[in-house]
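J.: Pasting protein.cif below, which is mmCIF, C-alpha atoms.
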data_work
#
loop_
_atom_site.label_atom_id
_atom_site.label_comp_id
_atom_site.auth_asym_id
_atom_site.auth_seq_id
_atom_site.Cartn_x
_atom_site.Cartn_y
_atom_site.Cartn_z
CA LEU A 586 80.94 102.49 83.76
CA GLN A 587 77.58 102.36 85.54
CA PHE A 588 75.42 99.30 86.10
CA GLU A 589 72.11 98.50 87.79
CA HIS A 590 71.08 95.02 88.88
CA ILE A 591 67.68 94.35 87.34
CA ASN A 592 66.16 92.21 90.10
CA SER A 593 67.46 93.91 93.21
CA GLY A 594 67.98 97.50 92.05
CA ALA A 595 71.55 97.67 93.35
CA LYS A 596 73.66 100.30 91.54
CA LEU A 597 77.35 99.88 90.75
CA ILE A 598 80.03 102.22 89.41
CA TYR A 599 83.28 100.83 87.99
CA SER A 600 86.43 102.95 87.52
CA ASN A 601 89.29 101.28 85.67
CA THR A 602 92.05 103.18 87.43
CA PRO A 603 95.74 102.33 86.94
CA ASP A 604 96.25 101.62 90.66
CA LYS A 605 97.66 98.24 91.65
CA THR A 606 95.32 98.18 94.63
CA LYS A 607 91.80 97.04 93.87
CA GLY A 608 89.03 98.66 95.92
CA PHE A 609 85.41 97.75 96.65
CA THR A 610 83.09 100.16 98.49
CA ILE A 611 79.42 99.83 99.29
CA ASN A 612 77.33 102.59 100.87
CA PHE A 613 73.86 102.40 102.42
CA LYS A 614 71.67 105.38 103.30
CA THR A 615 71.18 105.07 107.06
CA TYR A 616 69.25 107.83 108.83
CA SER A 617 69.34 107.73 112.63
CA LEU A 618 66.24 109.31 114.19
CA ASN A 619 67.45 109.08 117.79
CA ASP A 620 70.69 109.12 119.79
CA THR A 621 71.03 105.37 120.33
CA GLY A 622 73.78 105.09 117.70
CA ILE A 623 71.93 102.26 115.99
CA ALA A 624 73.70 102.70 112.62
CA HIS A 625 77.07 102.79 114.39
CA VAL A 626 76.35 99.65 116.42
CA LEU A 627 75.18 97.78 113.33
CA GLU A 628 78.36 98.74 111.49
CA HIS A 629 80.35 97.05 114.27
CA CYS A 630 78.12 93.95 114.23
CA ILE A 631 78.50 93.52 110.46
CA PHE A 632 82.18 92.60 110.88
CA ARG A 633 81.40 89.84 113.41
CA GLY A 634 80.72 86.99 111.05
CA SER A 635 78.01 85.95 108.62
CA GLN A 636 75.86 83.04 107.56
CA LYS A 637 78.59 81.71 105.24
CA TYR A 638 81.70 82.88 107.14
CA ARG A 639 80.83 82.01 110.72
CA THR A 640 84.03 83.03 112.51
CA ARG A 641 83.68 86.08 114.77
CA HIS A 642 86.46 87.98 112.95
CA PRO A 643 86.51 86.80 109.32
CA PHE A 644 88.65 89.64 107.97
CA GLN A 645 91.22 89.32 110.74
CA GLU A 646 91.46 85.60 109.97
CA PHE A 647 91.83 86.38 106.27
CA ARG A 648 94.71 88.78 106.91
CA LYS A 649 96.77 85.89 108.24
CA TYR A 650 96.98 84.65 104.63
CA SER A 651 96.79 87.98 102.82
CA PRO A 652 98.95 90.71 104.41
CA TYR A 653 97.77 93.37 101.92
CA ALA A 654 94.12 92.91 102.87
CA GLU A 655 92.41 96.01 104.27
CA HIS A 656 88.84 96.51 105.44
CA HIS A 657 87.01 99.46 106.97
CA GLY A 658 83.57 100.56 108.06
CA VAL A 659 82.51 104.14 108.81
CA THR A 660 79.19 105.57 109.97
CA PHE A 661 78.31 109.07 108.77
CA GLU A 662 75.25 111.26 109.35
CA ASP A 663 73.64 110.20 106.06
CA TYR A 664 75.09 106.82 105.23
CA THR A 665 77.23 103.91 106.36
CA SER A 666 80.20 102.91 104.22
CA TYR A 667 82.12 99.65 103.99
CA CYS A 668 85.22 99.01 101.92
CA VAL A 669 87.78 96.30 101.25
CA SER A 670 90.98 96.46 99.23
CA ASN A 671 93.86 94.25 98.17
CA ILE A 672 96.68 94.11 95.62
CA ASN A 673 96.12 90.41 94.95
CA GLU A 674 92.99 90.05 92.78
CA LYS A 675 92.33 86.46 93.83
CA HIS A 676 92.30 87.56 97.46
CA PHE A 677 90.36 90.72 96.62
CA ILE A 678 87.39 88.94 95.06
CA LYS A 679 87.28 86.66 98.12
CA MET A 680 87.12 89.72 100.37
CA VAL A 681 84.22 91.07 98.32
CA ASP A 682 82.40 87.79 98.87
CA ILE A 683 83.07 87.91 102.64
CA LEU A 684 81.84 91.49 102.93
CA MET A 685 78.69 91.01 100.86
CA ASP A 686 77.65 87.97 102.89
CA ALA A 687 78.25 89.89 106.10
CA LEU A 688 76.15 92.83 104.89
CA PHE A 689 73.09 90.87 103.86
CA HIS A 690 73.36 87.82 106.15
CA PRO A 691 75.11 88.98 109.35
CA LEU A 692 75.62 86.46 112.14
CA VAL A 693 74.02 88.86 114.63
CA TYR A 694 70.63 87.55 113.43
CA GLU A 695 71.52 84.22 115.05
CA ASP A 696 73.63 85.40 117.97
CA GLU A 697 72.35 88.18 120.23
CA ASN A 698 75.66 88.08 122.14
CA ILE A 699 77.25 89.95 119.22
CA PHE A 700 74.86 92.83 119.92
CA LEU A 701 75.60 92.69 123.65
CA GLN A 702 79.34 92.79 123.01
CA GLU A 703 79.25 95.62 120.49
CA ALA A 704 76.43 97.81 121.88
CA TRP A 705 75.98 97.57 125.65
CA ARG A 706 75.44 95.13 128.49
CA TYR A 707 75.65 94.84 132.27
CA ASP A 708 78.86 93.37 133.71
CA LEU A 709 79.89 92.58 137.25
CA ASN A 710 83.07 94.31 138.38
CA GLU A 711 84.68 91.58 140.45
CA ALA A 712 86.96 94.04 142.24
CA THR A 713 84.20 96.36 143.47
CA GLU A 714 81.31 93.86 143.21
CA GLU A 715 79.32 96.57 141.44
CA ILE A 716 77.26 96.30 138.28
CA GLU A 717 78.74 98.32 135.40
CA ILE A 718 77.66 99.13 131.86
CA ASN A 719 80.05 97.86 129.22
CA GLY A 720 80.18 97.50 125.44
CA ILE A 721 82.56 98.42 122.62
CA VAL A 722 80.45 101.22 121.12
CA TYR A 723 79.30 102.41 124.56
CA ASN A 724 82.90 102.76 125.79
CA GLU A 725 84.00 104.34 122.51
CA ILE A 726 81.33 107.03 122.83
CA LYS A 727 82.01 107.59 126.53
CA ALA A 728 85.60 108.41 125.62
CA ILE A 729 84.74 110.84 122.81
CA GLU A 730 82.14 112.61 124.95
CA ALA A 731 85.01 113.88 127.09
CA SER A 732 85.83 116.25 124.22
CA ILE A 733 84.28 119.69 124.66
CA LEU A 734 84.54 120.36 120.92
CA TYR A 735 82.61 117.18 120.11
CA THR A 736 79.86 118.03 122.56
CA ALA A 737 79.64 121.60 121.25
CA MET A 738 79.33 120.35 117.66
CA CYS A 739 76.54 117.94 118.56
CA GLU A 740 74.59 120.55 120.50
CA SER A 741 75.00 123.05 117.65
CA ASN A 742 73.51 120.54 115.21
CA LYS A 743 70.45 120.16 117.45
CA ILE A 744 69.88 123.92 117.30
CA ILE A 745 70.62 124.41 113.60
CA PHE A 746 68.88 121.27 112.25
CA PRO A 747 66.14 120.49 114.79
CA ASP A 748 63.76 118.79 112.35
CA THR A 749 66.26 116.48 110.61
CA HIS A 750 68.42 113.48 111.43
CA TYR A 751 71.38 115.87 111.80
CA ALA A 752 69.96 116.83 115.22
CA PHE A 753 70.84 113.36 116.49
CA ARG A 754 74.24 111.89 117.27
CA HIS A 755 74.75 109.30 114.54
CA GLY A 756 77.53 107.65 116.53
CA GLY A 757 75.36 107.47 119.62
CA GLU A 758 75.09 109.16 123.00
CA SER A 759 76.08 107.13 126.05
CA HIS A 760 72.87 107.75 128.01
CA SER A 761 70.81 106.78 124.95
CA ILE A 762 72.79 103.75 123.75
CA VAL A 763 71.52 101.83 126.79
CA ARG A 764 67.97 102.21 125.41
CA LEU A 765 68.89 100.38 122.22
CA LYS A 766 67.29 96.93 121.94
CA TYR A 767 68.40 93.92 119.96
CA SER A 768 65.08 93.90 118.09
CA ASP A 769 65.63 97.56 117.10
CA LEU A 770 68.95 96.65 115.51
CA ILE A 771 67.46 93.76 113.52
CA ASN A 772 64.58 95.93 112.27
CA PHE A 773 67.02 98.70 111.28
CA HIS A 774 69.04 96.21 109.25
CA LYS A 775 65.92 94.87 107.53
CA LYS A 776 64.87 98.40 106.61
CA TYR A 777 68.11 99.88 105.30
CA TYR A 778 70.40 97.01 104.27
CA LYS A 779 68.74 96.24 100.96
CA PRO A 780 70.47 96.21 97.56
CA GLU A 781 68.15 98.92 96.21
CA ASN A 782 69.42 101.20 98.99
CA ALA A 783 73.06 100.47 98.12
CA LEU A 784 75.63 102.12 95.88
CA ILE A 785 78.62 99.94 95.01
CA SER A 786 81.94 101.19 93.66
CA ILE A 787 84.79 99.09 92.27
CA THR A 788 88.14 100.61 91.35
CA GLY A 789 91.35 99.23 89.93
CA GLN A 790 92.41 96.93 87.13
CA VAL A 791 90.01 93.99 87.40
CA ASN A 792 87.85 91.90 85.09
CA ILE A 793 84.59 93.60 85.98
CA LEU A 794 82.53 90.74 84.49
CA ASP A 795 83.85 88.40 87.20
CA TYR A 796 82.56 90.73 89.91
CA LEU A 797 79.21 91.30 88.24
CA GLU A 798 78.75 87.53 88.06
CA LEU A 799 79.71 87.07 91.72
CA LEU A 800 77.38 89.81 92.90
CA ASP A 801 74.50 88.55 90.78
CA LYS A 802 74.68 84.83 91.51
CA ALA A 803 75.91 84.83 95.11
CA HIS A 804 74.42 87.97 96.66
CA LEU A 805 71.85 90.01 94.73
CA ASN A 806 69.68 87.63 92.76
CA GLY A 807 67.67 86.61 95.81
CA PHE A 808 66.38 90.16 96.31
CA SER A 809 63.58 91.97 94.50
CA LYS A 810 63.07 95.70 94.24
CA THR A 811 60.38 97.15 96.50
CA ASN A 812 60.74 100.69 95.12
CA CYS A 813 61.06 101.94 98.68
CA VAL A 814 62.17 105.59 98.91
CA TYR A 815 64.84 106.33 101.51
CA LYS A 816 64.62 110.00 102.45
CA SER A 817 65.67 112.05 105.42
CA PRO A 818 63.17 114.24 107.30
CA VAL A 819 63.08 117.69 105.72
CA GLN A 820 63.97 120.79 107.71
CA VAL A 821 60.82 122.83 108.40
#
Translate the structure of the given file into structure tokens.

T.:
Amino acid sequence: LQFEHINSGAKLIYSNTPDKTKGFTINFKTYSLNDTGIAHVLEHCIFRGSQKYRTRHPFQEFRKYSPYAEHHGVTFEDYTSYCVSNINEKHFIKMVDILMDALFHPLVYEDENIFLQEAWRYDLNEATEEIEINGIVYNEIKAIEASILYTAMCESNKIIFPDTHYAFRHGGESHSIVRLKYSDLINFHKKYYKPENALISITGQVNILDYLELLDKAHLNGFSKTNCVYKSPVQV
């Protein structure tokens, strides 16, 4: 079944599969036009609390009461994907609510320290008394850059797709991540994290009307379509 929210333009696909596990996925087109890893950093920040659920790790807190709860976020070249799943439907619909609030009202808007923790910052190494660059995404990328195959793949993309977003490292490049500003992240979120730029998928045996009502009343009804077109630069 396919649905489209009239006010916001969000699209939803429902598959009534026989699986016991219920799944909710939402994808946003996110084109990175530099090597700062902005889409990757934002993905990390999304899971650090929201306007309604203000704890720094809402899904980790939720797992204390729901051992079957799973959540993931992945940044690809063309889009960023978030998903939650659970066997227990009561817990599952709560997870959907947590994720949707995090996506459209992330706590990073109020707390720049979330950006500094996830992206990059300067720290003092007490042992050496030297200033060092730190950050979860920064350190993650520094580690993967040690792979020759990864570096070769990234450089090949620059040569093959020079005029598109594929020429850039969507996960980020360590020397470029340090150029990323907090204001850049907020503007990126405002541009891409809109319901009309989202595709939602729900799978499993659920009462789909309950989820349509939750999405409409709690998350989507405050948005209006702008008819913005999200396209990648075309290869010349």

J.: For region 673-773 of chain A against region 797-810 of chain A, with a cut-off of 9 Å and counting only C-alpha atoms, what is the closest atom pair and its distance in Å to one decimal for every residue that makes the cut, ordered by chain and number, as JSON lines?

T.:
{"residue": "A:Ile678", "atom": "CA", "partner": "A:Leu799", "partner_atom": "CA", "distance": 8.6}
{"residue": "A:Val681", "atom": "CA", "partner": "A:Leu800", "partner_atom": "CA", "distance": 8.8}
{"residue": "A:Asp682", "atom": "CA", "partner": "A:Leu799", "partner_atom": "CA", "distance": 7.7}
{"residue": "A:Met685", "atom": "CA", "partner": "A:His804", "partner_atom": "CA", "distance": 6.7}
{"residue": "A:Asp686", "atom": "CA", "partner": "A:His804", "partner_atom": "CA", "distance": 7.0}
{"residue": "A:Phe689", "atom": "CA", "partner": "A:His804", "partner_atom": "CA", "distance": 7.9}

J.: Which residue out of A:Arg639, A:Leu770, A:Arg764, A:Ile787 has the minimum interatomic distance to Cys668 (chain A) when only C-alpha atoms are used?

T.: A:Ile787

J.: Given only C-alpha atoms as the basis, pick out the residue of A:Asn671, A:Thr602, A:Ser617, A:Gln587 nearest to Phe773 (chain A).

T.: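 Among A:Asn671, A:Thr602, A:Ser617, A:Gln587, it is A:Ser617 that comes nearest to Phe773 (chain A).
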
J.: Just so the selection is clear, what residues does the PyMOL selection byres ((chain A and resi 625-635) around 10) cover here, as a PyMOL selection string?

T.: chain A and resi 615+617+621-624+636-645+656-661+665-667+683-695+699-705+721-723+754-757+762+765+770-771+773-774

J.: For Ile672 (chain A), which residue out of A:Val814, A:Ile598, A:Val791, A:Leu709 is the nearest one, using all atoms listed in the file?

T.: A:Val791

J.: Do you have the CA of Asp748 (chain A)-CA of Lys766 (chain A) distance handy?

T.: 24.1 Å

J.: Which residue, A:Glu758, A:Lys679, A:Ser670, A:Leu618, has the smallest gap to Glu740 (chain A) when you use all atoms listed in the file?

T.: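 Counting all atoms listed in the file, the residue closest to Glu740 (chain A) is A:Glu758.
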
J.: Find the distance between CA of Gly594 (chain A) and CA of Pro780 (chain A) and write it in Å to one decimal.

T.: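 Those two atoms sit 6.2 Å apart.
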
J.: So what do you get for CA of Ser593 (chain A) versus CA of Tyr796 (chain A), distance-wise?

T.: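 Going from CA of Ser593 (chain A) over to CA of Tyr796 (chain A), I get 15.8 Å.
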
J.: Provide an axis-aligned box for all listed atoms of region 675-694 of chain A, padding each side by 5 Å; report its centre and its edge lengths in Å to one decimal, as AutoDock Vina command-line options.

T.:
--center_x 81.5 --center_y 89.6 --center_z 104.2 --size_x 31.7 --size_y 16.4 --size_z 30.8

J.: List the residues selected by the PyMOL selection byres ((chain A and resi 601) around 7) in the file shown, writing them as a PDB file with C-alpha atoms, in the coordinates of the input.

T.:
ATOM      1  CA  TYR A 599      83.280 100.830  87.990  1.00  0.00           C
ATOM      2  CA  SER A 600      86.430 102.950  87.520  1.00  0.00           C
ATOM      3  CA  THR A 602      92.050 103.180  87.430  1.00  0.00           C
ATOM      4  CA  PRO A 603      95.740 102.330  86.940  1.00  0.00           C
ATOM      5  CA  THR A 788      88.140 100.610  91.350  1.00  0.00           C
ATOM      6  CA  GLY A 789      91.350  99.230  89.930  1.00  0.00           C
ATOM      7  CA  GLN A 790      92.410  96.930  87.130  1.00  0.00           C
TER       8      GLN A 790
END

J.: Take the structure in the block and write a file for region 639-654 of chain A, all heavy atoms, as a short mmCIF file (atom, residue, chain, number, x, y, z; two decimals), in the first residue's frame.

T.:
data_model
loop_
_atom_site.label_atom_id
_atom_site.label_comp_id
_atom_site.auth_asym_id
_atom_site.auth_seq_id
_atom_site.Cartn_x
_atom_site.Cartn_y
_atom_site.Cartn_z
N ARG A 639 14.63 14.14 25.75
CA ARG A 639 15.79 15.00 25.92
C ARG A 639 17.03 14.29 26.46
O ARG A 639 18.07 14.91 26.64
CB ARG A 639 15.43 16.18 26.82
CG ARG A 639 14.21 16.96 26.30
CD ARG A 639 13.95 18.21 27.11
NE ARG A 639 14.97 19.22 26.89
CZ ARG A 639 14.98 20.06 25.86
NH1 ARG A 639 14.05 19.98 24.92
NH2 ARG A 639 15.92 20.95 25.76
N THR A 640 16.96 13.00 26.71
CA THR A 640 18.14 12.26 27.12
C THR A 640 19.11 12.14 25.96
O THR A 640 18.70 12.13 24.79
CB THR A 640 17.76 10.86 27.64
OG1 THR A 640 18.95 10.13 27.96
CG2 THR A 640 17.00 10.08 26.57
N ARG A 641 20.41 12.07 26.25
CA ARG A 641 21.42 12.03 25.19
C ARG A 641 21.41 10.74 24.39
O ARG A 641 21.88 10.70 23.26
CB ARG A 641 22.82 12.22 25.81
CG ARG A 641 23.16 13.67 26.11
CD ARG A 641 23.29 14.47 24.82
NE ARG A 641 23.66 15.85 25.06
CZ ARG A 641 24.91 16.27 25.16
NH1 ARG A 641 25.89 15.41 25.06
NH2 ARG A 641 25.16 17.53 25.36
N HIS A 642 20.88 9.66 24.96
CA HIS A 642 20.85 8.37 24.27
C HIS A 642 19.47 7.73 24.45
O HIS A 642 19.33 6.72 25.14
CB HIS A 642 21.95 7.45 24.79
CG HIS A 642 23.33 8.01 24.67
ND1 HIS A 642 24.02 8.01 23.48
CD2 HIS A 642 24.14 8.61 25.58
CE1 HIS A 642 25.20 8.58 23.66
NE2 HIS A 642 25.29 8.95 24.92
N PRO A 643 18.44 8.28 23.80
CA PRO A 643 17.08 7.79 24.04
C PRO A 643 16.86 6.33 23.69
O PRO A 643 16.14 5.62 24.40
CB PRO A 643 16.22 8.71 23.17
CG PRO A 643 17.16 9.31 22.17
CD PRO A 643 18.47 9.41 22.86
N PHE A 644 17.48 5.86 22.61
CA PHE A 644 17.26 4.46 22.21
C PHE A 644 18.00 3.50 23.12
O PHE A 644 17.51 2.40 23.40
CB PHE A 644 17.67 4.25 20.76
CG PHE A 644 16.67 4.78 19.78
CD1 PHE A 644 16.93 5.94 19.06
CD2 PHE A 644 15.46 4.14 19.58
CE1 PHE A 644 16.00 6.44 18.16
CE2 PHE A 644 14.53 4.63 18.68
CZ PHE A 644 14.80 5.79 17.98
N GLN A 645 19.16 3.89 23.61
CA GLN A 645 19.88 3.05 24.57
C GLN A 645 19.09 2.95 25.88
O GLN A 645 19.03 1.88 26.50
CB GLN A 645 21.27 3.60 24.82
CG GLN A 645 22.21 3.49 23.62
CD GLN A 645 23.60 4.01 23.92
OE1 GLN A 645 24.01 4.08 25.07
NE2 GLN A 645 24.32 4.39 22.88
N GLU A 646 18.48 4.04 26.29
CA GLU A 646 17.65 4.02 27.49
C GLU A 646 16.43 3.13 27.27
O GLU A 646 16.03 2.37 28.16
CB GLU A 646 17.19 5.45 27.84
CG GLU A 646 18.30 6.36 28.31
CD GLU A 646 18.91 5.91 29.62
OE1 GLU A 646 18.16 5.43 30.50
OE2 GLU A 646 20.14 6.01 29.76
N PHE A 647 15.86 3.19 26.07
CA PHE A 647 14.67 2.41 25.77
C PHE A 647 14.97 0.91 25.78
O PHE A 647 14.13 0.10 26.18
CB PHE A 647 14.10 2.83 24.42
CG PHE A 647 12.73 2.27 24.13
CD1 PHE A 647 11.60 2.83 24.71
CD2 PHE A 647 12.57 1.17 23.29
CE1 PHE A 647 10.33 2.31 24.46
CE2 PHE A 647 11.31 0.66 23.03
CZ PHE A 647 10.19 1.22 23.62
N ARG A 648 16.17 0.55 25.35
CA ARG A 648 16.52 -0.88 25.29
C ARG A 648 16.60 -1.52 26.67
O ARG A 648 16.54 -2.74 26.79
CB ARG A 648 17.86 -1.05 24.57
CG ARG A 648 17.79 -0.88 23.08
CD ARG A 648 18.94 -1.54 22.38
NE ARG A 648 18.86 -2.99 22.46
CZ ARG A 648 19.72 -3.82 21.89
NH1 ARG A 648 20.74 -3.33 21.19
NH2 ARG A 648 19.60 -5.11 21.99
N LYS A 649 16.72 -0.73 27.71
CA LYS A 649 16.72 -1.27 29.07
C LYS A 649 15.38 -1.93 29.38
O LYS A 649 15.29 -2.83 30.21
CB LYS A 649 17.01 -0.16 30.08
CG LYS A 649 18.40 0.45 29.96
CD LYS A 649 18.58 1.58 30.96
CE LYS A 649 19.96 2.21 30.84
NZ LYS A 649 20.15 3.34 31.79
N TYR A 650 14.31 -1.44 28.73
CA TYR A 650 12.96 -1.95 28.98
C TYR A 650 12.44 -2.82 27.83
O TYR A 650 11.43 -3.48 27.98
CB TYR A 650 12.00 -0.78 29.20
CG TYR A 650 12.51 0.22 30.21
CD1 TYR A 650 13.14 1.39 29.80
CD2 TYR A 650 12.40 -0.01 31.57
CE1 TYR A 650 13.63 2.31 30.72
CE2 TYR A 650 12.88 0.89 32.51
CZ TYR A 650 13.50 2.05 32.07
OH TYR A 650 13.99 2.95 33.00
N SER A 651 13.15 -2.77 26.71
CA SER A 651 12.69 -3.52 25.53
C SER A 651 13.90 -4.17 24.86
O SER A 651 14.52 -3.59 23.96
CB SER A 651 11.98 -2.58 24.56
OG SER A 651 11.47 -3.28 23.46
N PRO A 652 14.26 -5.39 25.27
CA PRO A 652 15.48 -6.03 24.77
C PRO A 652 15.48 -6.33 23.28
O PRO A 652 16.53 -6.56 22.69
CB PRO A 652 15.56 -7.32 25.60
CG PRO A 652 14.14 -7.58 26.04
CD PRO A 652 13.55 -6.22 26.26
N TYR A 653 14.29 -6.36 22.65
CA TYR A 653 14.23 -6.65 21.21
C TYR A 653 14.30 -5.39 20.36
O TYR A 653 14.18 -5.45 19.14
CB TYR A 653 12.94 -7.41 20.89
CG TYR A 653 12.86 -8.77 21.54
CD1 TYR A 653 12.01 -8.99 22.62
CD2 TYR A 653 13.65 -9.83 21.09
CE1 TYR A 653 11.93 -10.23 23.24
CE2 TYR A 653 13.58 -11.07 21.71
CZ TYR A 653 12.73 -11.27 22.77
OH TYR A 653 12.67 -12.49 23.38
N ALA A 654 14.49 -4.25 20.99
CA ALA A 654 14.54 -2.98 20.26
C ALA A 654 15.85 -2.86 19.50
O ALA A 654 16.93 -3.11 20.03
CB ALA A 654 14.39 -1.81 21.23
#
